[in-house]
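Visitor: Data file structure-v1.cif (mmCIF, C-alpha atoms) is appended below.
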```cif
data_query
#
loop_
_atom_site.label_atom_id
_atom_site.label_comp_id
_atom_site.auth_asym_id
_atom_site.auth_seq_id
_atom_site.Cartn_x
_atom_site.Cartn_y
_atom_site.Cartn_z
CA MET A 13 0.00 0.00 0.00
CA LEU A 14 2.70 2.44 0.96
CA SER A 15 4.66 1.33 -2.08
CA ARG A 16 1.80 2.54 -4.26
CA LEU A 17 2.03 5.96 -2.60
CA VAL A 18 5.69 6.08 -3.44
CA PHE A 19 4.86 5.21 -7.00
CA VAL A 20 2.30 7.97 -7.43
CA SER A 21 4.47 10.62 -5.81
CA ALA A 22 7.32 9.89 -8.24
CA SER A 23 5.16 10.61 -11.26
CA ALA A 24 6.27 10.43 -14.88
CA LEU A 25 8.24 7.35 -14.06
CA LYS A 26 8.25 4.63 -16.61
CA SER A 27 8.73 2.15 -13.81
CA SER A 28 6.19 -0.60 -13.70
CA GLY A 29 6.48 -0.88 -9.90
CA PRO A 30 6.58 -4.07 -7.98
CA ILE A 31 4.72 -6.40 -10.26
CA GLY A 32 4.47 -10.03 -10.94
CA ALA A 33 2.01 -12.56 -12.08
CA GLY A 34 1.33 -15.98 -10.84
CA VAL A 35 2.75 -17.83 -13.84
CA VAL A 36 6.25 -17.46 -15.21
CA HIS A 37 5.97 -17.17 -19.00
CA ALA A 38 9.61 -17.01 -19.85
CA SER A 39 12.81 -16.89 -17.90
CA ARG A 40 14.61 -13.63 -17.27
CA CYS A 41 18.29 -14.01 -16.81
CA LEU A 42 19.45 -11.21 -14.53
CA HIS A 43 22.53 -12.83 -13.00
CA THR A 44 25.00 -10.95 -15.13
CA SER A 45 27.93 -12.05 -13.00
CA SER A 46 29.11 -15.52 -13.75
CA GLN A 47 28.02 -16.90 -10.41
CA SER A 48 24.66 -18.35 -11.26
CA LEU A 49 22.62 -18.85 -14.41
CA ALA A 50 19.43 -19.93 -12.72
CA PRO A 51 16.37 -18.06 -13.99
CA VAL A 52 15.23 -15.27 -11.72
CA PRO A 53 11.76 -15.75 -10.27
CA PRO A 54 9.22 -13.11 -11.27
CA LEU A 55 8.86 -10.05 -9.08
CA PRO A 56 6.12 -10.19 -6.46
CA GLU A 57 3.06 -8.13 -7.18
CA LYS A 58 2.25 -7.02 -3.67
CA GLY A 59 4.48 -6.22 -0.72
CA GLY A 60 4.80 -8.40 2.32
CA LYS A 61 1.61 -8.95 4.28
CA VAL A 62 1.24 -6.74 7.37
CA ARG A 63 -1.24 -6.55 10.19
CA HIS A 64 -2.60 -3.23 11.39
CA GLY A 65 -0.63 -1.47 8.70
CA PHE A 66 2.86 -1.89 10.04
CA ILE A 67 3.39 -5.20 11.89
CA PRO A 68 4.67 -7.92 9.56
CA GLU A 69 2.71 -11.13 9.47
CA GLU A 70 5.90 -13.13 9.94
CA LEU A 71 6.04 -12.07 13.63
CA PHE A 72 2.62 -13.59 14.24
CA GLN A 73 3.61 -16.77 12.40
CA LEU A 74 6.82 -16.90 14.42
CA LEU A 75 5.06 -16.65 17.77
CA TYR A 76 2.02 -18.77 16.92
CA PRO A 77 3.46 -22.21 17.85
CA LYS A 78 4.50 -21.04 21.30
CA THR A 79 1.84 -18.53 22.28
CA GLY A 80 -1.08 -19.10 19.92
CA VAL A 81 -3.13 -16.32 18.40
CA THR A 82 -2.96 -13.79 21.20
CA GLY A 83 0.78 -14.03 21.69
CA PRO A 84 1.99 -11.03 19.69
CA TYR A 85 -0.83 -8.86 21.04
CA MET A 86 0.18 -9.71 24.59
CA LEU A 87 3.78 -8.98 23.66
CA GLY A 88 2.80 -5.61 22.25
CA ALA A 89 0.60 -4.66 25.20
CA GLY A 90 3.27 -5.79 27.65
CA LEU A 91 5.98 -3.81 25.92
CA LEU A 92 3.78 -0.72 25.86
CA LEU A 93 2.90 -0.99 29.56
CA TYR A 94 6.53 -1.58 30.42
CA MET A 95 7.64 1.53 28.59
CA LEU A 96 4.89 3.65 30.13
CA SER A 97 5.30 2.43 33.68
CA LYS A 98 9.07 2.60 33.75
CA GLU A 99 8.89 6.02 32.10
CA ILE A 100 11.16 4.86 29.30
CA TYR A 101 8.63 6.66 27.10
CA VAL A 102 7.53 9.89 28.84
CA ILE A 103 4.04 11.24 28.10
CA ASN A 104 4.24 14.90 27.24
CA HIS A 105 2.70 17.43 24.85
CA GLU A 106 4.24 15.75 21.86
CA THR A 107 2.31 12.59 22.68
CA PHE A 108 -1.01 14.29 22.03
CA ALA A 109 0.33 15.94 18.88
CA ALA A 110 1.52 12.58 17.61
CA ALA A 111 -1.78 10.94 18.52
CA SER A 112 -3.90 13.52 16.67
CA ILE A 113 -1.65 13.58 13.64
CA GLY A 114 -1.61 9.81 13.58
CA ALA A 115 -5.40 9.72 13.79
CA VAL A 116 -5.78 12.11 10.88
CA ILE A 117 -3.27 10.24 8.77
CA ILE A 118 -4.89 6.90 9.45
CA TYR A 119 -8.32 8.32 8.67
CA GLY A 120 -7.03 9.87 5.41
CA VAL A 121 -5.34 6.71 4.21
CA LYS A 122 -8.28 4.53 5.05
CA LYS A 123 -10.70 6.84 3.28
CA PHE A 124 -8.72 7.75 0.16
CA GLY A 125 -6.27 4.91 -0.06
CA PRO A 126 -8.22 2.61 -2.37
CA SER A 127 -9.13 5.33 -4.88
CA VAL A 128 -5.58 6.58 -5.07
CA ALA A 129 -4.40 3.01 -5.50
CA ALA A 130 -6.90 2.46 -8.33
CA PHE A 131 -5.73 5.62 -10.05
CA ALA A 132 -2.11 4.56 -9.83
CA ASP A 133 -3.01 1.11 -11.12
CA LYS A 134 -4.88 2.68 -14.03
CA LEU A 135 -1.83 4.71 -15.00
CA ASN A 136 0.29 1.62 -14.94
CA GLU A 137 -2.29 -0.33 -16.88
CA GLU A 138 -2.37 2.28 -19.62
CA LYS A 139 1.38 2.16 -20.00
CA VAL A 140 1.39 -1.60 -20.22
CA SER A 141 -1.48 -1.70 -22.69
CA LYS A 142 0.22 0.87 -24.90
CA ALA A 143 3.37 -1.19 -24.95
CA GLN A 144 1.33 -4.30 -25.66
CA GLU A 145 -0.41 -2.58 -28.54
CA VAL A 146 2.89 -1.55 -30.02
CA LYS A 147 4.09 -5.11 -29.75
CA ASP A 148 0.92 -6.51 -31.37
CA VAL A 149 1.06 -4.05 -34.23
CA ALA A 150 4.72 -4.83 -34.78
CA MET A 151 4.09 -8.56 -34.84
CA SER A 152 1.16 -8.34 -37.22
CA SER A 153 3.00 -6.00 -39.56
CA LEU A 154 5.99 -8.32 -39.60
CA ALA A 155 3.79 -11.29 -40.40
CA GLN A 156 2.13 -9.26 -43.15
CA ALA A 157 5.53 -8.26 -44.53
CA ILE A 158 6.58 -11.90 -44.66
CA GLU A 159 3.39 -12.77 -46.51
CA ASP A 160 3.94 -9.96 -48.99
CA GLU A 161 7.50 -11.04 -49.66
CA LYS A 162 6.36 -14.59 -50.33
CA LYS A 163 3.69 -13.30 -52.69
CA GLU A 164 6.24 -11.23 -54.56
CA GLN A 165 8.43 -14.28 -54.95
CA TRP A 166 5.50 -16.18 -56.38
CA ARG A 167 4.87 -13.33 -58.77
CA VAL A 168 8.43 -13.36 -59.95
CA GLU A 169 8.05 -17.00 -60.87
CA GLY A 170 5.59 -16.03 -63.58
CA ARG A 171 8.14 -14.11 -65.59
CA ALA A 172 8.54 -16.92 -68.13
CA MET A 173 5.00 -16.24 -69.32
CA LEU A 174 5.93 -12.77 -70.41
CA PHE A 175 8.69 -14.03 -72.63
CA ASP A 176 6.51 -16.78 -74.03
CA ALA A 177 3.96 -14.16 -74.96
CA LYS A 178 6.64 -12.10 -76.66
CA ARG A 179 7.98 -15.02 -78.64
CA ASN A 180 4.46 -15.97 -79.64
CA ASN A 181 3.88 -12.47 -80.91
CA VAL A 182 7.04 -12.59 -82.95
CA ALA A 183 6.13 -15.99 -84.44
CA MET A 184 2.64 -14.78 -85.27
CA LEU A 185 3.98 -11.69 -86.95
CA LEU A 186 6.38 -13.74 -89.06
CA GLU A 187 3.63 -16.15 -90.05
CA THR A 188 1.34 -13.30 -91.00
CA ASN A 189 4.04 -11.70 -93.07
CA TYR A 190 4.74 -14.97 -94.91
CA ARG A 191 1.11 -15.50 -95.73
CA GLU A 192 0.79 -11.96 -96.93
CA ARG A 193 3.68 -12.53 -99.29
CA LEU A 194 2.10 -15.69 -100.71
CA HIS A 195 -1.15 -13.89 -101.23
CA MET A 196 0.56 -11.01 -102.87
CA VAL A 197 2.34 -13.26 -105.38
CA THR A 198 -0.84 -15.05 -106.35
CA ASN A 199 -2.78 -11.83 -106.67
CA GLU A 200 -0.15 -10.22 -108.84
CA VAL A 201 -0.02 -13.17 -111.24
CA LYS A 202 -3.78 -13.24 -111.41
CA ARG A 203 -3.89 -9.55 -112.11
CA ARG A 204 -1.50 -9.86 -114.98
CA LEU A 205 -3.45 -12.72 -116.57
CA ASP A 206 -6.71 -10.87 -116.08
CA TYR A 207 -5.12 -7.85 -117.68
CA GLN A 208 -4.29 -9.89 -120.73
CA ILE A 209 -7.84 -11.17 -120.92
CA ALA A 210 -9.27 -7.70 -120.51
CA LEU A 211 -6.93 -6.43 -123.19
CA GLN A 212 -8.10 -9.15 -125.58
CA ASP A 213 -11.73 -8.37 -124.91
CA LEU A 214 -11.17 -4.71 -125.49
CA ASN A 215 -9.42 -5.39 -128.78
CA ARG A 216 -12.26 -7.63 -129.98
CA ARG A 217 -14.90 -5.10 -129.01
CA LEU A 218 -13.10 -2.29 -130.80
CA GLU A 219 -12.74 -4.43 -133.93
CA GLN A 220 -16.42 -5.33 -133.85
CA GLU A 221 -17.56 -1.76 -133.49
CA HIS A 222 -15.23 -0.56 -136.16
CA MET A 223 -16.38 -3.25 -138.53
CA ILE A 224 -20.03 -2.43 -137.91
CA ASN A 225 -19.43 1.23 -138.51
CA TRP A 226 -17.51 0.50 -141.66
CA VAL A 227 -20.21 -1.80 -143.01
CA GLU A 228 -22.88 0.73 -142.28
CA LYS A 229 -20.96 3.49 -143.94
CA SER A 230 -20.24 1.46 -147.03
CA VAL A 231 -23.84 0.36 -147.30
CA ILE A 232 -25.10 3.88 -147.01
CA SER A 233 -22.60 5.19 -149.52
CA SER A 234 -23.52 2.42 -151.96
CA ILE A 235 -27.11 3.47 -152.13
CA THR A 236 -27.26 5.30 -155.62
CA PRO A 237 -29.80 8.11 -156.25
CA GLN A 238 -31.66 5.82 -158.69
CA GLN A 239 -32.12 3.17 -156.05
CA GLU A 240 -33.18 5.77 -153.61
CA LYS A 241 -35.99 7.03 -155.89
CA GLU A 242 -37.16 3.50 -156.56
CA SER A 243 -37.20 2.60 -152.92
CA ILE A 244 -39.10 5.79 -152.00
CA ALA A 245 -41.75 5.06 -154.75
CA LYS A 246 -42.09 1.52 -153.44
CA CYS A 247 -42.52 2.83 -149.93
CA ILE A 248 -45.28 5.20 -151.05
CA THR A 249 -47.26 2.45 -152.90
CA ASP A 250 -46.87 0.18 -149.86
CA LEU A 251 -48.16 2.90 -147.59
CA LYS A 252 -51.15 3.54 -149.90
CA ALA A 253 -52.03 -0.15 -149.86
CA LEU A 254 -51.72 -0.26 -146.12
CA ALA A 255 -53.89 2.82 -145.76
CA LYS A 256 -56.57 1.22 -147.94
CA THR A 257 -56.57 -1.95 -145.89
CA THR A 258 -56.78 -0.12 -142.63
CA GLN A 259 -59.59 2.10 -143.95
CA ALA A 260 -61.48 -0.96 -145.07
CA LYS A 261 -60.92 -2.53 -141.68
CA ALA A 262 -62.05 0.54 -139.88
CA THR A 263 -65.31 0.91 -141.85
CA ALA A 264 -66.02 -2.83 -141.71
CA MET B 14 5.29 -24.77 -95.30
CA ALA B 15 4.82 -26.70 -92.14
CA GLY B 16 8.42 -27.00 -91.12
CA ARG B 17 9.19 -23.42 -90.34
CA ARG B 18 6.30 -22.53 -88.15
CA ALA B 19 7.47 -22.36 -84.56
CA ALA B 20 4.83 -23.93 -82.41
CA LEU B 21 2.75 -21.25 -80.74
CA LYS B 22 2.69 -21.89 -77.02
CA ALA B 23 -0.74 -21.62 -75.53
CA ILE B 24 -0.66 -18.77 -73.04
CA ASP B 25 -2.94 -18.82 -70.04
CA TRP B 26 -3.77 -15.13 -69.88
CA ALA B 27 -5.83 -15.55 -66.70
CA ALA B 28 -2.95 -17.06 -64.74
CA PHE B 29 -0.61 -14.49 -66.24
CA ALA B 30 -2.90 -11.68 -65.14
CA GLU B 31 -2.88 -13.00 -61.58
CA ARG B 32 0.86 -12.75 -61.36
CA VAL B 33 1.06 -9.19 -62.56
CA PRO B 34 1.68 -6.73 -59.69
CA PRO B 35 -0.72 -3.78 -59.63
CA ASN B 36 1.88 -1.23 -60.67
CA GLN B 37 2.51 -3.03 -63.97
CA ARG B 38 -1.07 -3.61 -64.86
CA THR B 39 -1.23 -1.01 -67.67
CA MET B 40 1.82 -2.55 -69.32
CA PHE B 41 0.20 -5.95 -69.12
CA ASN B 42 -3.03 -4.63 -70.65
CA ASN B 43 -1.12 -3.05 -73.51
CA LEU B 44 0.70 -6.30 -74.16
CA LYS B 45 -2.55 -8.21 -74.12
CA THR B 46 -4.26 -5.86 -76.59
CA ARG B 47 -1.29 -6.02 -78.93
CA SER B 48 -1.14 -9.79 -78.76
CA ASP B 49 -4.84 -10.06 -79.40
CA ALA B 50 -4.59 -7.74 -82.40
CA ILE B 51 -1.76 -9.78 -83.87
CA ALA B 52 -3.60 -13.05 -83.29
CA ALA B 53 -6.76 -11.64 -84.89
CA LYS B 54 -4.79 -10.54 -87.92
CA LEU B 55 -3.25 -13.97 -88.20
CA THR B 56 -6.53 -15.84 -88.03
CA SER B 57 -8.12 -13.51 -90.58
CA LEU B 58 -5.63 -14.57 -93.24
CA PRO B 59 -6.20 -17.99 -94.82
CA GLU B 60 -3.17 -20.23 -94.74
CA LYS B 61 -2.86 -20.79 -98.47
CA PRO B 62 -3.92 -18.39 -101.17
CA PRO B 63 -6.59 -19.70 -103.57
CA ALA B 64 -5.09 -21.76 -106.41
CA ILE B 65 -4.95 -20.19 -109.86
CA ASP B 66 -7.13 -21.95 -112.44
CA TRP B 67 -4.53 -22.45 -115.16
CA SER B 68 -6.75 -24.40 -117.58
CA TYR B 69 -9.28 -21.57 -117.71
CA TYR B 70 -6.61 -19.05 -118.45
CA ARG B 71 -5.02 -21.31 -121.03
CA SER B 72 -8.34 -21.52 -122.86
CA VAL B 73 -9.05 -17.78 -122.73
CA VAL B 74 -5.77 -16.03 -123.20
CA ALA B 75 -4.93 -15.83 -126.87
CA LYS B 76 -1.22 -15.23 -126.57
CA ALA B 77 0.47 -18.50 -127.12
CA GLY B 78 2.70 -19.83 -124.43
CA MET B 79 2.13 -16.92 -122.08
CA VAL B 80 0.02 -18.89 -119.66
CA ASP B 81 2.43 -21.81 -119.77
CA GLU B 82 5.34 -19.53 -119.11
CA PHE B 83 3.52 -17.94 -116.18
CA GLU B 84 2.58 -21.32 -114.79
CA LYS B 85 6.14 -22.57 -115.00
CA LYS B 86 7.59 -19.49 -113.34
CA PHE B 87 4.88 -19.47 -110.69
CA GLY B 88 5.56 -23.06 -109.78
CA ALA B 89 9.27 -22.44 -109.60
CA LEU B 90 8.91 -19.39 -107.41
CA LYS B 91 9.87 -19.78 -103.77
CA VAL B 92 8.63 -17.09 -101.47
CA PRO B 93 11.36 -16.33 -98.99
CA GLU B 94 10.39 -16.64 -95.36
CA PRO B 95 10.79 -13.53 -93.26
CA VAL B 96 13.93 -13.53 -91.19
CA ASP B 97 13.52 -13.83 -87.46
CA THR B 98 15.67 -11.20 -85.77
CA GLN B 99 13.83 -10.80 -82.50
CA THR B 100 13.84 -14.22 -80.94
CA THR B 101 17.48 -14.00 -79.94
CA VAL B 102 16.88 -10.58 -78.49
CA ILE B 103 13.98 -11.93 -76.50
CA ASN B 104 16.04 -14.86 -75.27
CA GLY B 105 18.72 -12.44 -74.17
CA GLN B 106 16.11 -10.39 -72.33
CA GLU B 107 14.80 -13.53 -70.69
CA GLU B 108 18.22 -14.48 -69.37
CA GLU B 109 18.75 -11.02 -67.99
CA ALA B 110 15.36 -11.10 -66.37
CA ASN B 111 16.19 -14.47 -64.84
CA LYS B 112 19.35 -13.04 -63.35
CA THR B 113 17.63 -9.99 -61.86
CA ALA B 114 14.81 -12.19 -60.66
CA SER B 115 17.13 -14.54 -58.82
CA ALA B 116 18.92 -11.56 -57.27
CA TYR B 117 15.56 -10.15 -56.19
CA VAL B 118 14.51 -13.49 -54.76
CA GLU B 119 17.76 -13.66 -52.79
CA ALA B 120 17.21 -10.20 -51.37
CA SER B 121 13.62 -11.06 -50.61
CA LYS B 122 14.68 -14.20 -48.75
CA ALA B 123 17.18 -12.17 -46.73
CA ARG B 124 14.39 -9.76 -45.83
CA ILE B 125 12.13 -12.64 -44.84
CA ALA B 126 14.88 -14.06 -42.61
CA GLN B 127 15.27 -10.69 -40.91
CA TYR B 128 11.52 -10.35 -40.38
CA GLU B 129 11.36 -13.86 -38.97
CA LYS B 130 14.17 -13.08 -36.55
CA GLU B 131 12.32 -10.02 -35.26
CA LEU B 132 9.12 -12.00 -35.03
CA GLU B 133 10.93 -14.63 -32.95
CA LYS B 134 12.21 -11.92 -30.65
CA PHE B 135 8.69 -10.64 -30.13
CA LYS B 136 7.34 -14.11 -29.56
CA ASN B 137 9.95 -15.03 -26.96
CA MET B 138 9.66 -11.76 -25.11
CA ILE B 139 8.54 -11.87 -21.46
CA PRO B 140 5.16 -10.23 -20.92
CA PHE B 141 5.23 -6.53 -20.13
CA ASP B 142 3.75 -6.92 -16.68
CA GLN B 143 6.68 -9.07 -15.62
CA MET B 144 9.39 -6.79 -16.94
CA THR B 145 11.58 -4.43 -15.00
CA ILE B 146 13.08 -1.34 -16.55
CA GLU B 147 16.31 -3.26 -17.07
CA ASP B 148 14.42 -5.95 -18.97
CA LEU B 149 12.71 -3.28 -21.06
CA ASN B 150 16.05 -1.71 -21.95
CA ASP B 151 17.42 -5.12 -22.90
CA THR B 152 14.51 -5.97 -25.17
CA PHE B 153 14.10 -2.54 -26.70
CA PRO B 154 17.49 -0.83 -26.66
CA GLU B 155 15.93 2.41 -27.86
CA THR B 156 14.20 2.88 -24.49
CA LYS B 157 17.50 3.01 -22.60
CA LEU B 158 18.00 6.41 -21.00
CA ASP B 159 21.34 7.95 -21.92
CA LYS B 160 22.73 8.93 -18.52
CA GLU B 161 26.00 10.25 -19.98
CA LYS B 162 24.44 12.63 -22.44
CA HIS B 163 21.72 13.84 -20.07
CA PRO B 164 23.11 13.31 -16.57
CA TYR B 165 20.17 14.91 -14.78
CA TRP B 166 16.67 13.57 -14.53
CA PRO B 167 14.65 13.00 -16.75
CA HIS B 168 17.71 11.91 -18.77
CA LYS B 169 16.19 12.97 -22.06
CA PRO B 170 15.31 16.27 -23.68
CA ILE B 171 12.29 17.91 -22.05
CA ALA B 172 10.57 18.04 -25.39
CA ASP B 173 10.54 14.24 -25.55
CA LEU B 174 8.50 13.78 -22.35
#
```
Please lay out the structure from this file as structure tokens.
Guide:
Amino acid sequence: MLSRLVFVSASALKSSGPIGAGVVHASRCLHTSSQSLAPVPPLPEKGGKVRHGFIPEELFQLLYPKTGVTGPYMLGAGLLLYMLSKEIYVINHETFAAASIGAVIIYGVKKFGPSVAAFADKLNEEKVSKAQEVKDVAMSSLAQAIEDEKKEQWRVEGRAMLFDAKRNNVAMLLETNYRERLHMVTNEVKRRLDYQIALQDLNRRLEQEHMINWVEKSVISSITPQQEKESIAKCITDLKALAKTTQAKATA
Amino acid sequence: MAGRRAALKAIDWAAFAERVPPNQRTMFNNLKTRSDAIAAKLTSLPEKPPAIDWSYYRSVVAKAGMVDEFEKKFGALKVPEPVDTQTTVINGQEEEANKTASAYVEASKARIAQYEKELEKFKNMIPFDQMTIEDLNDTFPETKLDKEKHPYWPHKPIADL
């Protein structure tokens, strides 16, 4: 209890105070001299047990076999009476001062002790939890980093695919180019043969037209004026005959 | 015509895409579009051009011997295959990439070993509520107060409190 007071009064300490837990999780080697390498037991959490605030429990345990439960009390009362009666301790003004101050102190500690202790414990708890958080975050981030590294290694393994893709592209391009060349050759040869055919057709057409024109012209020029008169007279008689037949048909 | 075609390896684009890290995704997409364009162009071209009907031409074309001459020359013609200059370059690139990759993997393994060591340290640490200040300074050397540099309490610059 008093140790907690000491702790609070020396504020801003990073000390974790007298602490300990029931179970030892891991050994702490503090024997830095070469005398002993035994693991140090964990620090106790609370101070030694006391009775009435200042009398250690060990005295009671010591006297219990011989004098039972009331032994130390009898010892204390006897010592007190001895000192008073023999005037080894003299009662004077200071006695009353000490008594009143003692009463006030005891009242204060009993009333406010637990709350002050809880406050000090809370401070300590916050420090520990902060440290614990830091440790947890560090551990998780390390684990994550390890995972990421492994993933990157796995990614690197896929690099062969990139080069396969590139080689495939090159092969495809070459193949395409070769086919294009074949096609081009065939098309060119075809074009030349078709050109020859088209040329022939054109020639024949021109000859035909020319011949027709020439025949027409020669026929027309060979028609003499005599023939022309005869043919016109024939046309007129034919027309007259036709007119007569149509008139007859119309009236009939 | 069959002998010179290098066998096209089937590429699993899905698996490839998985292995691409996010910062190289645009490059991967560009590669994919280019490859797809090239493949489309290839499949659009028939493998052999249509055969020329020589008998028809022989019957139609009046010039004697022209068609025969064409046919003979056409049959004798060998279309040269395009020369492959890039495959060696790509192989060279692949070897280089293998080297850098193995170096990277080595470095990565070293990093993993370091992380594992730190993780071990954290795992084997005693719990905080059983530590003293000495234990804290042993586990985390950065918490040790420098009593030579700052001999008076609080042993560190006031601004760090």
Visitor: Would you mind listing, for every residue of chain A within 8 Å of chain B, the two atoms forming the shortest contact and the distance between them in Å to one decimal, using only C-alpha atoms, sorted by chain and ascending residue number, as JSON lines?
Guide:
```
{"residue": "A:Lys26", "atom": "CA", "partner": "B:Ile146", "partner_atom": "CA", "distance": 7.7}
{"residue": "A:Ser27", "atom": "CA", "partner": "B:Ile146", "partner_atom": "CA", "distance": 6.2}
{"residue": "A:Ser28", "atom": "CA", "partner": "B:Thr145", "partner_atom": "CA", "distance": 6.7}
{"residue": "A:Ile31", "atom": "CA", "partner": "B:Gln143", "partner_atom": "CA", "distance": 6.3}
{"residue": "A:Gly32", "atom": "CA", "partner": "B:Gln143", "partner_atom": "CA", "distance": 5.3}
{"residue": "A:Ala33", "atom": "CA", "partner": "B:Gln143", "partner_atom": "CA", "distance": 6.8}
{"residue": "A:His37", "atom": "CA", "partner": "B:Ile139", "partner_atom": "CA", "distance": 6.4}
{"residue": "A:Ala38", "atom": "CA", "partner": "B:Ile139", "partner_atom": "CA", "distance": 5.5}
{"residue": "A:Ser39", "atom": "CA", "partner": "B:Ile139", "partner_atom": "CA", "distance": 7.5}
{"residue": "A:Arg40", "atom": "CA", "partner": "B:Ile139", "partner_atom": "CA", "distance": 7.6}
{"residue": "A:Pro54", "atom": "CA", "partner": "B:Gln143", "partner_atom": "CA", "distance": 6.5}
{"residue": "A:Leu55", "atom": "CA", "partner": "B:Gln143", "partner_atom": "CA", "distance": 7.0}
{"residue": "A:Val140", "atom": "CA", "partner": "B:Phe141", "partner_atom": "CA", "distance": 6.2}
{"residue": "A:Ala143", "atom": "CA", "partner": "B:Phe141", "partner_atom": "CA", "distance": 7.4}
{"residue": "A:Gln144", "atom": "CA", "partner": "B:Phe141", "partner_atom": "CA", "distance": 7.1}
{"residue": "A:Lys147", "atom": "CA", "partner": "B:Phe135", "partner_atom": "CA", "distance": 7.2}
{"residue": "A:Met151", "atom": "CA", "partner": "B:Leu132", "partner_atom": "CA", "distance": 6.1}
{"residue": "A:Leu154", "atom": "CA", "partner": "B:Tyr128", "partner_atom": "CA", "distance": 5.9}
{"residue": "A:Ala155", "atom": "CA", "partner": "B:Leu132", "partner_atom": "CA", "distance": 7.6}
{"residue": "A:Ala157", "atom": "CA", "partner": "B:Tyr128", "partner_atom": "CA", "distance": 7.6}
{"residue": "A:Ile158", "atom": "CA", "partner": "B:Ile125", "partner_atom": "CA", "distance": 5.6}
{"residue": "A:Glu161", "atom": "CA", "partner": "B:Ser121", "partner_atom": "CA", "distance": 6.2}
{"residue": "A:Gln165", "atom": "CA", "partner": "B:Val118", "partner_atom": "CA", "distance": 6.1}
{"residue": "A:Trp166", "atom": "CA", "partner": "B:Arg32", "partner_atom": "CA", "distance": 7.6}
{"residue": "A:Arg167", "atom": "CA", "partner": "B:Arg32", "partner_atom": "CA", "distance": 4.8}
{"residue": "A:Val168", "atom": "CA", "partner": "B:Ala114", "partner_atom": "CA", "distance": 6.5}
{"residue": "A:Gly170", "atom": "CA", "partner": "B:Arg32", "partner_atom": "CA", "distance": 6.2}
{"residue": "A:Arg171", "atom": "CA", "partner": "B:Ala110", "partner_atom": "CA", "distance": 7.9}
{"residue": "A:Ala172", "atom": "CA", "partner": "B:Glu107", "partner_atom": "CA", "distance": 7.6}
{"residue": "A:Met173", "atom": "CA", "partner": "B:Phe29", "partner_atom": "CA", "distance": 6.6}
{"residue": "A:Leu174", "atom": "CA", "partner": "B:Phe29", "partner_atom": "CA", "distance": 7.9}
{"residue": "A:Phe175", "atom": "CA", "partner": "B:Glu107", "partner_atom": "CA", "distance": 6.4}
{"residue": "A:Asp176", "atom": "CA", "partner": "B:Lys22", "partner_atom": "CA", "distance": 7.0}
{"residue": "A:Ala177", "atom": "CA", "partner": "B:Ile24", "partner_atom": "CA", "distance": 6.8}
{"residue": "A:Lys178", "atom": "CA", "partner": "B:Ile103", "partner_atom": "CA", "distance": 7.3}
{"residue": "A:Arg179", "atom": "CA", "partner": "B:Thr100", "partner_atom": "CA", "distance": 6.3}
{"residue": "A:Asn180", "atom": "CA", "partner": "B:Leu21", "partner_atom": "CA", "distance": 5.7}
{"residue": "A:Asn181", "atom": "CA", "partner": "B:Ser48", "partner_atom": "CA", "distance": 6.1}
{"residue": "A:Val182", "atom": "CA", "partner": "B:Gln99", "partner_atom": "CA", "distance": 7.0}
{"residue": "A:Ala183", "atom": "CA", "partner": "B:Ala19", "partner_atom": "CA", "distance": 6.5}
{"residue": "A:Met184", "atom": "CA", "partner": "B:Leu55", "partner_atom": "CA", "distance": 6.6}
{"residue": "A:Leu185", "atom": "CA", "partner": "B:Ile51", "partner_atom": "CA", "distance": 6.8}
{"residue": "A:Leu186", "atom": "CA", "partner": "B:Pro95", "partner_atom": "CA", "distance": 6.1}
{"residue": "A:Glu187", "atom": "CA", "partner": "B:Arg18", "partner_atom": "CA", "distance": 7.2}
{"residue": "A:Thr188", "atom": "CA", "partner": "B:Leu55", "partner_atom": "CA", "distance": 5.4}
{"residue": "A:Asn189", "atom": "CA", "partner": "B:Pro95", "partner_atom": "CA", "distance": 7.0}
{"residue": "A:Tyr190", "atom": "CA", "partner": "B:Glu94", "partner_atom": "CA", "distance": 5.9}
{"residue": "A:Arg191", "atom": "CA", "partner": "B:Glu60", "partner_atom": "CA", "distance": 6.5}
{"residue": "A:Glu192", "atom": "CA", "partner": "B:Leu58", "partner_atom": "CA", "distance": 7.9}
{"residue": "A:Arg193", "atom": "CA", "partner": "B:Val92", "partner_atom": "CA", "distance": 7.1}
{"residue": "A:Leu194", "atom": "CA", "partner": "B:Pro62", "partner_atom": "CA", "distance": 6.6}
{"residue": "A:His195", "atom": "CA", "partner": "B:Pro62", "partner_atom": "CA", "distance": 5.3}
{"residue": "A:Thr198", "atom": "CA", "partner": "B:Pro62", "partner_atom": "CA", "distance": 6.9}
{"residue": "A:Val201", "atom": "CA", "partner": "B:Phe83", "partner_atom": "CA", "distance": 7.7}
{"residue": "A:Lys202", "atom": "CA", "partner": "B:Ile65", "partner_atom": "CA", "distance": 7.2}
{"residue": "A:Leu205", "atom": "CA", "partner": "B:Tyr70", "partner_atom": "CA", "distance": 7.3}
{"residue": "A:Gln208", "atom": "CA", "partner": "B:Val74", "partner_atom": "CA", "distance": 6.8}
{"residue": "A:Ile209", "atom": "CA", "partner": "B:Val74", "partner_atom": "CA", "distance": 5.8}
{"residue": "A:Gln212", "atom": "CA", "partner": "B:Ala75", "partner_atom": "CA", "distance": 7.5}
```
Visitor: Have a look at CA of Gly83 in chain A and CA of Val121 in chain A and let me know their distance in Å, one decimal.
Guide: 27.8 Å
Visitor: Record the distance separating CA of Thr82 in chain A and CA of His64 in chain A, expressed in Å with one decimal.
Guide: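 Separation between CA of Thr82 in chain A and CA of His64 in chain A: 14.4 Å.
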